[in-house]
$ cat start_35.cif   # mmCIF, C-alpha atoms and all ligand atoms
data_coords
#
loop_
_atom_site.group_PDB
_atom_site.id
_atom_site.type_symbol
_atom_site.label_atom_id
_atom_site.label_comp_id
_atom_site.auth_asym_id
_atom_site.auth_seq_id
_atom_site.Cartn_x
_atom_site.Cartn_y
_atom_site.Cartn_z
ATOM 1 C CA MET A 736 6.790 87.786 112.621
ATOM 2 C CA THR A 737 5.135 85.524 115.138
ATOM 3 C CA LEU A 738 7.301 82.748 116.457
ATOM 4 C CA GLN A 739 5.805 79.322 116.788
ATOM 5 C CA GLY A 740 6.680 75.678 116.380
ATOM 6 C CA ARG A 741 10.248 74.574 116.877
ATOM 7 C CA ILE A 742 12.657 77.368 117.729
ATOM 8 C CA TYR A 743 16.316 76.467 117.338
ATOM 9 C CA LEU A 744 18.888 78.696 119.016
ATOM 10 C CA VAL A 745 22.243 78.677 117.254
ATOM 11 C CA GLY A 746 25.521 80.472 117.815
ATOM 12 C CA MET A 747 29.027 80.194 119.147
ATOM 13 C CA PRO A 748 29.842 78.682 122.528
ATOM 14 C CA GLY A 749 29.496 81.577 124.946
ATOM 15 C CA SER A 750 26.884 83.392 122.856
ATOM 16 C CA GLY A 751 24.292 82.888 125.586
ATOM 17 C CA LYS A 752 22.107 80.196 124.042
ATOM 18 C CA SER A 753 21.284 78.623 127.413
ATOM 19 C CA TYR A 754 20.542 81.966 129.011
ATOM 20 C CA PHE A 755 18.328 83.168 126.164
ATOM 21 C CA GLY A 756 16.706 79.772 125.955
ATOM 22 C CA LYS A 757 15.517 80.244 129.529
ATOM 23 C CA LYS A 758 14.272 83.739 128.769
ATOM 24 C CA LEU A 759 12.408 82.509 125.692
ATOM 25 C CA GLN A 760 10.850 79.805 127.791
ATOM 26 C CA GLU A 761 9.440 82.491 130.066
ATOM 27 C CA LEU A 762 7.824 84.146 127.044
ATOM 28 C CA PHE A 763 6.504 81.032 125.344
ATOM 29 C CA SER A 764 5.212 78.104 127.306
ATOM 30 C CA TYR A 765 7.270 75.654 125.271
ATOM 31 C CA PRO A 766 9.594 73.020 126.695
ATOM 32 C CA LEU A 767 13.245 74.068 126.675
ATOM 33 C CA ILE A 768 15.684 71.427 125.508
ATOM 34 C CA ASP A 769 19.422 71.796 125.844
ATOM 35 C CA MET A 770 21.008 69.443 123.318
ATOM 36 C CA ASP A 771 24.328 69.209 125.146
ATOM 37 C CA LYS A 772 22.505 68.044 128.274
ATOM 38 C CA VAL A 773 20.510 65.433 126.336
ATOM 39 C CA ILE A 774 23.770 64.084 124.864
ATOM 40 C CA GLU A 775 25.486 64.029 128.265
ATOM 41 C CA GLU A 776 22.571 62.150 129.823
ATOM 42 C CA ARG A 777 22.487 59.629 127.016
ATOM 43 C CA GLU A 778 26.188 58.985 127.078
ATOM 44 C CA GLY A 779 26.445 59.159 130.853
ATOM 45 C CA MET A 780 29.474 61.422 130.581
ATOM 46 C CA GLU A 781 30.326 65.060 130.109
ATOM 47 C CA ILE A 782 30.879 66.540 126.654
ATOM 48 C CA THR A 783 34.599 67.054 127.321
ATOM 49 C CA ALA A 784 34.939 63.359 128.191
ATOM 50 C CA ILE A 785 33.035 62.332 125.039
ATOM 51 C CA PHE A 786 35.475 64.418 122.964
ATOM 52 C CA SER A 787 38.564 63.036 124.662
ATOM 53 C CA GLU A 788 37.476 59.404 124.984
ATOM 54 C CA LYS A 789 35.389 58.866 121.851
ATOM 55 C CA GLY A 790 36.561 61.670 119.577
ATOM 56 C CA GLU A 791 34.877 64.556 117.794
ATOM 57 C CA PRO A 792 33.460 62.565 114.816
ATOM 58 C CA TYR A 793 31.576 60.329 117.275
ATOM 59 C CA PHE A 794 30.229 63.387 119.064
ATOM 60 C CA ARG A 795 29.120 64.992 115.774
ATOM 61 C CA GLU A 796 27.222 61.887 114.747
ATOM 62 C CA MET A 797 25.531 61.667 118.108
ATOM 63 C CA GLU A 798 24.680 65.374 117.940
ATOM 64 C CA ALA A 799 23.125 65.037 114.472
ATOM 65 C CA LYS A 800 21.101 62.033 115.624
ATOM 66 C CA VAL A 801 19.845 63.763 118.770
ATOM 67 C CA LEU A 802 18.868 66.851 116.729
ATOM 68 C CA ARG A 803 16.721 64.718 114.433
ATOM 69 C CA GLU A 804 15.177 62.690 117.242
ATOM 70 C CA LEU A 805 14.245 65.790 119.241
ATOM 71 C CA THR A 806 12.770 67.338 116.113
ATOM 72 C CA ASP A 807 10.621 64.251 115.573
ATOM 73 C CA GLU A 808 9.571 64.268 119.205
ATOM 74 C CA TYR A 809 8.600 67.942 119.601
ATOM 75 C CA VAL A 810 6.350 70.025 117.414
ATOM 76 C CA GLU A 811 6.719 73.018 119.714
ATOM 77 C CA ALA A 812 9.946 73.511 121.637
ATOM 78 C CA ILE A 813 12.882 75.785 122.197
ATOM 79 C CA ILE A 814 15.944 73.776 121.279
ATOM 80 C CA SER A 815 19.243 75.188 122.435
ATOM 81 C CA THR A 816 21.865 73.632 120.150
ATOM 82 C CA GLY A 817 25.611 73.176 120.575
ATOM 83 C CA GLY A 818 27.882 75.664 118.807
ATOM 84 C CA GLY A 819 28.779 73.113 116.142
ATOM 85 C CA THR A 820 25.297 71.627 115.580
ATOM 86 C CA PRO A 821 24.506 73.748 112.484
ATOM 87 C CA CYS A 822 27.945 73.153 110.980
ATOM 88 C CA PHE A 823 28.055 69.349 110.731
ATOM 89 C CA HIS A 824 25.857 66.761 109.021
ATOM 90 C CA GLU A 825 23.805 69.483 107.259
ATOM 91 C CA GLY A 826 22.509 70.708 110.610
ATOM 92 C CA MET A 827 21.632 74.230 109.483
ATOM 93 C CA THR A 828 19.699 73.130 106.412
ATOM 94 C CA TYR A 829 17.877 70.555 108.495
ATOM 95 C CA MET A 830 16.881 73.049 111.206
ATOM 96 C CA ASN A 831 15.863 75.690 108.670
ATOM 97 C CA SER A 832 13.428 73.270 107.113
ATOM 98 C CA HIS A 833 11.933 72.057 110.401
ATOM 99 C CA GLY A 834 11.397 75.257 112.356
ATOM 100 C CA THR A 835 12.667 78.767 112.998
ATOM 101 C CA THR A 836 16.358 79.312 113.589
ATOM 102 C CA ILE A 837 17.635 82.210 115.689
ATOM 103 C CA PHE A 838 21.312 83.111 115.521
ATOM 104 C CA LEU A 839 22.585 84.865 118.637
ATOM 105 C CA GLU A 840 25.398 86.946 117.211
ATOM 106 C CA THR A 841 27.904 88.011 119.823
ATOM 107 C CA ASP A 842 30.982 90.207 119.410
ATOM 108 C CA ARG A 843 34.353 88.517 119.095
ATOM 109 C CA GLU A 844 35.657 90.337 122.192
ATOM 110 C CA VAL A 845 32.705 89.241 124.302
ATOM 111 C CA LEU A 846 33.188 85.621 123.194
ATOM 112 C CA ILE A 847 36.914 85.716 123.961
ATOM 113 C CA ASP A 848 36.250 87.193 127.354
ATOM 114 C CA ARG A 849 33.540 84.654 128.235
ATOM 115 C CA LEU A 850 35.340 81.605 126.844
ATOM 116 C CA GLY A 851 38.668 82.581 128.358
ATOM 117 C CA ARG A 852 37.086 82.221 131.772
ATOM 118 C CA LYS A 853 35.638 78.763 131.163
ATOM 119 C CA ALA A 854 37.776 75.648 131.165
ATOM 120 C CA HIS A 855 35.178 73.061 130.105
ATOM 121 C CA ARG A 856 34.873 73.848 126.385
ATOM 122 C CA PRO A 857 36.834 71.281 124.392
ATOM 123 C CA LEU A 858 37.107 73.314 121.193
ATOM 124 C CA VAL A 859 38.391 76.479 122.805
ATOM 125 C CA GLN A 860 41.488 75.473 124.723
ATOM 126 C CA GLY A 861 44.843 77.231 124.782
ATOM 127 C CA ASP A 862 45.011 80.205 122.409
ATOM 128 C CA VAL A 863 41.464 81.446 122.977
ATOM 129 C CA ASP A 864 41.732 84.456 120.605
ATOM 130 C CA GLY A 865 43.078 82.295 117.782
ATOM 131 C CA ARG A 866 40.509 79.553 118.314
ATOM 132 C CA VAL A 867 37.602 82.005 118.431
ATOM 133 C CA ASP A 868 38.835 83.707 115.234
ATOM 134 C CA ALA A 869 39.207 80.383 113.431
ATOM 135 C CA LEU A 870 35.772 79.166 114.541
ATOM 136 C CA LEU A 871 34.130 82.451 113.580
ATOM 137 C CA ARG A 872 35.703 82.336 110.105
ATOM 138 C CA GLU A 873 34.455 78.826 109.592
ATOM 139 C CA ARG A 874 31.061 79.153 111.198
ATOM 140 C CA LEU A 875 29.717 82.647 110.583
ATOM 141 C CA PRO A 876 28.678 81.823 107.001
ATOM 142 C CA VAL A 877 26.656 78.913 108.383
ATOM 143 C CA TYR A 878 25.114 80.779 111.332
ATOM 144 C CA GLN A 879 24.193 83.621 108.979
ATOM 145 C CA GLN A 880 21.789 81.303 107.181
ATOM 146 C CA ALA A 881 19.487 81.468 110.226
ATOM 147 C CA HIS A 882 16.009 82.892 109.700
ATOM 148 C CA ILE A 883 16.522 85.500 112.410
ATOM 149 C CA THR A 884 19.720 87.102 113.655
ATOM 150 C CA ILE A 885 19.768 88.847 116.999
ATOM 151 C CA ALA A 886 22.948 90.837 117.254
ATOM 152 C CA HIS A 887 23.468 92.869 120.350
ATOM 153 C CA ARG A 888 26.330 93.277 122.712
ATOM 154 C CA ASP A 889 24.086 94.026 125.638
ATOM 155 C CA PRO A 890 22.023 91.104 127.029
ATOM 156 C CA ALA A 891 19.181 93.479 127.936
ATOM 157 C CA LEU A 892 18.921 94.560 124.295
ATOM 158 C CA MET A 893 18.967 90.949 123.190
ATOM 159 C CA LEU A 894 16.064 90.251 125.494
ATOM 160 C CA GLU A 895 14.155 93.204 124.069
ATOM 161 C CA ALA A 896 14.739 91.852 120.583
ATOM 162 C CA ILE A 897 13.481 88.430 121.620
ATOM 163 C CA ASP A 898 10.452 89.949 123.316
ATOM 164 C CA ALA A 899 9.662 91.876 120.135
ATOM 165 C CA LEU A 900 9.552 88.598 118.195
ATOM 166 C CA LYS A 901 6.570 87.526 120.231
ATOM 167 C CA LYS A 902 4.489 90.551 119.286
HETATM 168 C C1 LIG B 1001 30.688 72.860 120.649
HETATM 169 C C2 LIG B 1001 29.940 73.598 121.532
HETATM 170 C C3 LIG B 1001 29.432 73.053 122.788
HETATM 171 C C4 LIG B 1001 29.328 71.528 122.742
HETATM 172 C C5 LIG B 1001 30.599 70.943 122.267
HETATM 173 C C6 LIG B 1001 31.001 71.428 120.879
HETATM 174 C C7 LIG B 1001 31.140 73.488 119.388
HETATM 175 O O1 LIG B 1001 28.161 73.613 123.082
HETATM 176 O O2 LIG B 1001 28.267 71.120 121.922
HETATM 177 O O3 LIG B 1001 31.574 71.255 123.203
HETATM 178 O O4 LIG B 1001 31.494 72.776 118.433
HETATM 179 O O5 LIG B 1001 31.138 74.737 119.315
HETATM 180 P P1 LIG B 1001 27.919 75.165 123.512
HETATM 181 O O6 LIG B 1001 27.873 75.967 122.263
HETATM 182 O O7 LIG B 1001 26.582 75.100 124.188
HETATM 183 O O8 LIG B 1001 29.025 75.530 124.423
#
$ encode --input "start_35.cif" --output "structure tokens"
Amino acid sequence: MTLQGRIYLVGMPGSGKSYFGKKLQELFSYPLIDMDKVIEEREGMEITAIFSEKGEPYFREMEAKVLRELTDEYVEAIISTGGGTPCFHEGMTYMNSHGTTIFLETDREVLIDRLGRKAHRPLVQGDVDGRVDALLRERLPVYQQAHITIAHRDPALMLEAIDALKK
């Protein structure tokens, strides 16, 4: 399968979407867009502040709007989405009909380890194991609708899988 057009990276927070976005950008000469950053720039505040000051429903609406605007703007791009982008406002169906979706599937233990070390993720505070389990239960069925799933524990293997997509 040759990748072209809009490439949407989806997956849990901590699944490495930003990292793999950068690697994909090295392979394809497409612009790389990080949706969280676009939202932060627009709102002039960090995601955590948007959640605490304006609430999650506001954030989800903004996210859905930004997804559609970026899609209208770019015919070829790597779009790194937020962990919840596919799961609200029909995000997954929308992305699947406007480009190629890649789900970066990461082991529960790896996610817990990565997220446990980061304090800035509003949806994974406190009981990290419990939150990750709950999010995975809710979200896996959505992420699994992606056109392509890349499931490897080892980042080097993930990169090999991404490289193979180009050939
Ligand atoms: C979220 C993930 C975050 C960010 C926001 C909500 C989620 O993005 O969009 O905090 O619902 O999982 P990352 O997946 O890039 O951390």
$ closest_residue --input "start_35.cif" --among "A:Gly746, A:Gly756, A:Gly819, A:Gly851" --to "ligand LIG 1001 (chain B)" --atoms "only C-alpha atoms and all ligand atoms"
A:Gly819
$ residues_around --input "start_35.cif" --residues "A:Leu802" --least-positions-apart "2" --cutoff "12 Å" --atoms "only C-alpha atoms" --output "number ranges by chain"
A: 741, 743, 768-771, 773-774, 795-800, 804-809, 814-817, 819-821, 823-827, 829-830, 833
$ closest_residue --input "start_35.cif" --among "A:Val801, A:Ile782, A:Ala869, A:Ile897" --to "A:Lys757" --atoms "all atoms listed in the file"
A:Ile897
$ closest_residue --input "start_35.cif" --among "A:Ala896, A:Ile837, A:Val745, A:Leu858" --to "A:Cys822" --atoms "only C-alpha atoms"
A:Val745
$ atom_distance --input "start_35.cif" --atom1 "atom C2 of ligand LIG 1001 (chain B)" --atom2 "atom CA of A:Val867"
11.8 Å
$ closest_residue --input "start_35.cif" --among "A:Ala891, A:Leu875, A:Ala784, A:Leu900" --to "A:Arg856" --atoms "all atoms listed in the file"
A:Ala784
$ resolve_selection --input "start_35.cif" --expression "the PyMOL selection byres (((chain A and resi 894) around 12) and not hetatm)" --output "list in words"
Gly751, Lys752, Tyr754, Phe755, Gly756, Lys757, Lys758, Leu759, Gln760, Glu761, Leu762, Leu839, Ile885, Ala886, His887, Arg888, Asp889, Pro890, Ala891, Leu892, Met893, Glu895, Ala896, Ile897, Asp898, Ala899, Leu900 and Lys901 of chain A
$ write_last_selection --input "start_35.cif" --atoms "C-alpha atoms" --output "mmCIF file, in the frame of the given file"
data_model
loop_
_atom_site.group_PDB
_atom_site.id
_atom_site.type_symbol
_atom_site.label_atom_id
_atom_site.label_comp_id
_atom_site.auth_asym_id
_atom_site.auth_seq_id
_atom_site.Cartn_x
_atom_site.Cartn_y
_atom_site.Cartn_z
ATOM 1 C CA GLY A 751 24.292 82.888 125.586
ATOM 2 C CA LYS A 752 22.107 80.196 124.042
ATOM 3 C CA TYR A 754 20.542 81.966 129.011
ATOM 4 C CA PHE A 755 18.328 83.168 126.164
ATOM 5 C CA GLY A 756 16.706 79.772 125.955
ATOM 6 C CA LYS A 757 15.517 80.244 129.529
ATOM 7 C CA LYS A 758 14.272 83.739 128.769
ATOM 8 C CA LEU A 759 12.408 82.509 125.692
ATOM 9 C CA GLN A 760 10.850 79.805 127.791
ATOM 10 C CA GLU A 761 9.440 82.491 130.066
ATOM 11 C CA LEU A 762 7.824 84.146 127.044
ATOM 12 C CA LEU A 839 22.585 84.865 118.637
ATOM 13 C CA ILE A 885 19.768 88.847 116.999
ATOM 14 C CA ALA A 886 22.948 90.837 117.254
ATOM 15 C CA HIS A 887 23.468 92.869 120.350
ATOM 16 C CA ARG A 888 26.330 93.277 122.712
ATOM 17 C CA ASP A 889 24.086 94.026 125.638
ATOM 18 C CA PRO A 890 22.023 91.104 127.029
ATOM 19 C CA ALA A 891 19.181 93.479 127.936
ATOM 20 C CA LEU A 892 18.921 94.560 124.295
ATOM 21 C CA MET A 893 18.967 90.949 123.190
ATOM 22 C CA GLU A 895 14.155 93.204 124.069
ATOM 23 C CA ALA A 896 14.739 91.852 120.583
ATOM 24 C CA ILE A 897 13.481 88.430 121.620
ATOM 25 C CA ASP A 898 10.452 89.949 123.316
ATOM 26 C CA ALA A 899 9.662 91.876 120.135
ATOM 27 C CA LEU A 900 9.552 88.598 118.195
ATOM 28 C CA LYS A 901 6.570 87.526 120.231
#
$ resolve_selection --input "start_35.cif" --expression "the PyMOL selection byres (((chain A and resi 841) around 6) and not hetatm)" --output "compact mmCIF listing (two decimals) with C-alpha atoms, in the coordinates of the input"
# COMPACT_ATOMS: atom_id res chain seq x y z
CA SER A 750 26.88 83.39 122.86
CA GLU A 840 25.40 86.95 117.21
CA ASP A 842 30.98 90.21 119.41
$ resolve_selection --input "start_35.cif" --expression "the PyMOL selection byres (((chain A and resi 881) around 8) and not hetatm)" --output "PDB file with C-alpha atoms, in the coordinates of the input"
ATOM      1  CA  MET A 827      21.632  74.230 109.483  1.00  0.00           C
ATOM      2  CA  ASN A 831      15.863  75.690 108.670  1.00  0.00           C
ATOM      3  CA  THR A 835      12.667  78.767 112.998  1.00  0.00           C
ATOM      4  CA  THR A 836      16.358  79.312 113.589  1.00  0.00           C
ATOM      5  CA  ILE A 837      17.635  82.210 115.689  1.00  0.00           C
ATOM      6  CA  PHE A 838      21.312  83.111 115.521  1.00  0.00           C
ATOM      7  CA  VAL A 877      26.656  78.913 108.383  1.00  0.00           C
ATOM      8  CA  TYR A 878      25.114  80.779 111.332  1.00  0.00           C
ATOM      9  CA  GLN A 879      24.193  83.621 108.979  1.00  0.00           C
ATOM     10  CA  GLN A 880      21.789  81.303 107.181  1.00  0.00           C
ATOM     11  CA  HIS A 882      16.009  82.892 109.700  1.00  0.00           C
ATOM     12  CA  ILE A 883      16.522  85.500 112.410  1.00  0.00           C
ATOM     13  CA  THR A 884      19.720  87.102 113.655  1.00  0.00           C
TER      14      THR A 884
END
$ axis_aligned_box --input "start_35.cif" --around "stretch 790-797 of chain A" --padding-each-side "5 Å" --output "AutoDock Vina command-line options"
--center_x 31.0 --center_y 62.7 --center_z 117.2 --size_x 21.0 --size_y 14.7 --size_z 14.8
$ atom_distance --input "start_35.cif" --atom1 "atom CA of A:Gly779" --atom2 "atom CA of A:Leu870"
27.4 Å
$ build_atoms --input "start_35.cif" --residues "stretch 746-761 of chain A" --atoms "N, CA and C atoms" --output "PDB file, in the frame of the given file"
ATOM      1  N   GLY A 746      24.485  79.462 117.599  1.00  0.00           N
ATOM      2  CA  GLY A 746      25.521  80.472 117.815  1.00  0.00           C
ATOM      3  C   GLY A 746      26.724  79.859 118.506  1.00  0.00           C
ATOM      4  N   MET A 747      27.759  80.648 118.578  1.00  0.00           N
ATOM      5  CA  MET A 747      29.027  80.194 119.147  1.00  0.00           C
ATOM      6  C   MET A 747      28.875  79.784 120.616  1.00  0.00           C
ATOM      7  N   PRO A 748      29.792  78.914 121.079  1.00  0.00           N
ATOM      8  CA  PRO A 748      29.842  78.682 122.528  1.00  0.00           C
ATOM      9  C   PRO A 748      30.070  80.040 123.197  1.00  0.00           C
ATOM     10  N   GLY A 749      29.329  80.293 124.251  1.00  0.00           N
ATOM     11  CA  GLY A 749      29.496  81.577 124.946  1.00  0.00           C
ATOM     12  C   GLY A 749      28.598  82.673 124.387  1.00  0.00           C
ATOM     13  N   SER A 750      27.749  82.343 123.415  1.00  0.00           N
ATOM     14  CA  SER A 750      26.884  83.392 122.856  1.00  0.00           C
ATOM     15  C   SER A 750      25.619  83.574 123.693  1.00  0.00           C
ATOM     16  N   GLY A 751      25.423  82.714 124.686  1.00  0.00           N
ATOM     17  CA  GLY A 751      24.292  82.888 125.586  1.00  0.00           C
ATOM     18  C   GLY A 751      23.064  82.093 125.199  1.00  0.00           C
ATOM     19  N   LYS A 752      23.263  80.987 124.492  1.00  0.00           N
ATOM     20  CA  LYS A 752      22.107  80.196 124.042  1.00  0.00           C
ATOM     21  C   LYS A 752      21.304  79.644 125.228  1.00  0.00           C
ATOM     22  N   SER A 753      22.006  79.181 126.259  1.00  0.00           N
ATOM     23  CA  SER A 753      21.284  78.623 127.413  1.00  0.00           C
ATOM     24  C   SER A 753      20.511  79.729 128.131  1.00  0.00           C
ATOM     25  N   TYR A 754      21.168  80.844 128.322  1.00  0.00           N
ATOM     26  CA  TYR A 754      20.542  81.966 129.011  1.00  0.00           C
ATOM     27  C   TYR A 754      19.300  82.450 128.251  1.00  0.00           C
ATOM     28  N   PHE A 755      19.459  82.663 126.942  1.00  0.00           N
ATOM     29  CA  PHE A 755      18.328  83.168 126.164  1.00  0.00           C
ATOM     30  C   PHE A 755      17.260  82.099 125.976  1.00  0.00           C
ATOM     31  N   GLY A 756      17.683  80.855 125.997  1.00  0.00           N
ATOM     32  CA  GLY A 756      16.706  79.772 125.955  1.00  0.00           C
ATOM     33  C   GLY A 756      15.765  79.883 127.149  1.00  0.00           C
ATOM     34  N   LYS A 757      16.347  80.126 128.312  1.00  0.00           N
ATOM     35  CA  LYS A 757      15.517  80.244 129.529  1.00  0.00           C
ATOM     36  C   LYS A 757      14.595  81.445 129.433  1.00  0.00           C
ATOM     37  N   LYS A 758      15.101  82.530 128.904  1.00  0.00           N
ATOM     38  CA  LYS A 758      14.272  83.739 128.769  1.00  0.00           C
ATOM     39  C   LYS A 758      13.136  83.503 127.766  1.00  0.00           C
ATOM     40  N   LEU A 759      13.449  82.811 126.684  1.00  0.00           N
ATOM     41  CA  LEU A 759      12.408  82.509 125.692  1.00  0.00           C
ATOM     42  C   LEU A 759      11.332  81.627 126.300  1.00  0.00           C
ATOM     43  N   GLN A 760      11.797  80.721 127.153  1.00  0.00           N
ATOM     44  CA  GLN A 760      10.850  79.805 127.791  1.00  0.00           C
ATOM     45  C   GLN A 760       9.860  80.570 128.678  1.00  0.00           C
ATOM     46  N   GLU A 761      10.336  81.683 129.249  1.00  0.00           N
ATOM     47  CA  GLU A 761       9.440  82.491 130.066  1.00  0.00           C
ATOM     48  C   GLU A 761       8.385  83.184 129.187  1.00  0.00           C
TER      49      GLU A 761
END
